[in-house]
Amino acid sequence: MRKILIPLIALLFVATACHKDNVEPRHMTVIQTGRTYYFYDSGGPNGDYSNNENYTFTFFAPSGKRVKIVFNSFSTESGYDYLTISGSTYSGTNSPGTKYSSYGGSITVSWHSDGSITSSGWSATVTAVD
């Protein structure tokens with residue numbers, strides 16, 4: 001299993017063969033068909049995110065596919081720590097739910113946390129779908 005350390009936000013790639021990769025924050029990622037990507041805040045699946053974070057991720061769909069992001073859990077400091085996706089802002093327990101890109105398009109997710117009070121953040125899966 002190959003690992004690349006990530007200083008803050010963990011984005012884990014899990015292939016059907018159980019091979020895992022991590023990518024750096026602010027990277028643009030092409031979502032591959034047949035893979036499930038696990039997308040977490042900087043605290044990962046079990047911890048809280050940190051203060052003073054500002055990150056942007058862009059997920060690109062393969063040709064003829066759409067990016068699908070499903071937020072399985074979501075909790076931030078309401079009104080102060082937030083995700084912005086396609087011009088909509090999500091904070092507190094107002095989960096983004098499920099988001100889709102256009103066919104062959106992309107989804108950009110921006111994250112901001114202020115200087116105090118953290119929470120459990122989010123857990124999401126990212127896939128390429130028809």
# chains A, B, ... in the order shown; residues from 1 in each chain; ligands from 1

call {"tool": "residues_around", "arguments": {"residues": "A:Thr108", "least_positions_apart": "6", "cutoff": "8 Å", "atoms": "only C-alpha atoms", "output": "list in words"}}
result
Thr56, Phe57, Thr58, Phe59, Ile85 and Ser86 of chain A

call {"tool": "residues_around", "arguments": {"residues": "A:Ser116", "least_positions_apart": "3", "cutoff": "12 Å", "atoms": "only C-alpha atoms", "output": "JSON, numbers by chain"}}
result
{"A": [49, 50, 51, 52, 53, 76, 77, 78, 80, 81, 112, 113, 119]}

call {"tool": "residues_around", "arguments": {"residues": "A:Thr84", "least_positions_apart": "5", "cutoff": "6 Å", "atoms": "only C-alpha atoms", "output": "list in words"}}
result
Thr89, Val109 and Ser110 of chain A

call {"tool": "residues_around", "arguments": {"residues": "A:Pro45", "least_positions_apart": "5", "cutoff": "10 Å", "atoms": "only C-alpha atoms", "output": "list in words"}}
result
Ala10, Tyr38, Phe39, Tyr40, Ser73, Ser120, Gly121, Trp122, Ser123 and Ala124 of chain A

call {"tool": "write_last_selection", "arguments": {"atoms": "N, CA and C atoms", "output": "CSV table (one decimal), in the first residue's frame"}}
result
chain,number,residue,atom,x,y,z
A,10,ALA,N,-7.4,15.1,4.2
A,10,ALA,CA,-7.2,13.8,3.7
A,10,ALA,C,-8.2,13.4,2.6
A,38,TYR,N,-12.6,8.5,-0.9
A,38,TYR,CA,-13.1,8.9,0.4
A,38,TYR,C,-12.6,10.3,0.7
A,39,PHE,N,-13.5,11.2,1.0
A,39,PHE,CA,-13.2,12.7,1.1
A,39,PHE,C,-13.5,13.1,2.5
A,40,TYR,N,-12.5,13.5,3.3
A,40,TYR,CA,-12.6,13.9,4.7
A,40,TYR,C,-12.1,15.3,4.9
A,73,SER,N,-21.8,12.4,6.5
A,73,SER,CA,-21.9,13.1,7.8
A,73,SER,C,-21.4,14.5,7.5
A,120,SER,N,-16.6,18.0,14.1
A,120,SER,CA,-16.2,16.7,13.5
A,120,SER,C,-16.1,16.8,12.0
A,121,GLY,N,-16.6,17.9,11.4
A,121,GLY,CA,-16.4,18.1,9.9
A,121,GLY,C,-17.2,17.2,9.0
A,122,TRP,N,-16.6,16.6,8.0
A,122,TRP,CA,-17.4,15.8,7.1
A,122,TRP,C,-16.7,14.5,6.7
A,123,SER,N,-17.6,13.6,6.2
A,123,SER,CA,-17.2,12.4,5.6
A,123,SER,C,-18.0,12.3,4.3
A,124,ALA,N,-17.3,12.0,3.2
A,124,ALA,CA,-18.0,11.9,1.9
A,124,ALA,C,-17.4,10.9,1.0

call {"tool": "closest_residue", "arguments": {"among": "A:Phe74, A:Trp111, A:Tyr37, A:Tyr103", "to": "A:Ala61", "atoms": "only C-alpha atoms"}}
result
A:Tyr103

call {"tool": "atom_distance", "arguments": {"atom1": "atom CA of A:Gly34", "atom2": "atom CA of A:Lys65"}}
result
11.3 Å

call {"tool": "select_by_dssp", "arguments": {"residues": "stretch 30-113 of chain A", "states": "strand (DSSP E)", "output": "ChimeraX atom specification"}}
result
/A:30,36-40,54-60,66-75,82-85,88-91,98-100,106-112

call {"tool": "atom_distance", "arguments": {"atom1": "atom CA of A:Ser95", "atom2": "atom CA of A:Asn46"}}
result
17.9 Å

call {"tool": "atom_distance", "arguments": {"atom1": "atom CA of A:Asn72", "atom2": "atom CA of A:Asp48"}}
result
15.5 Å
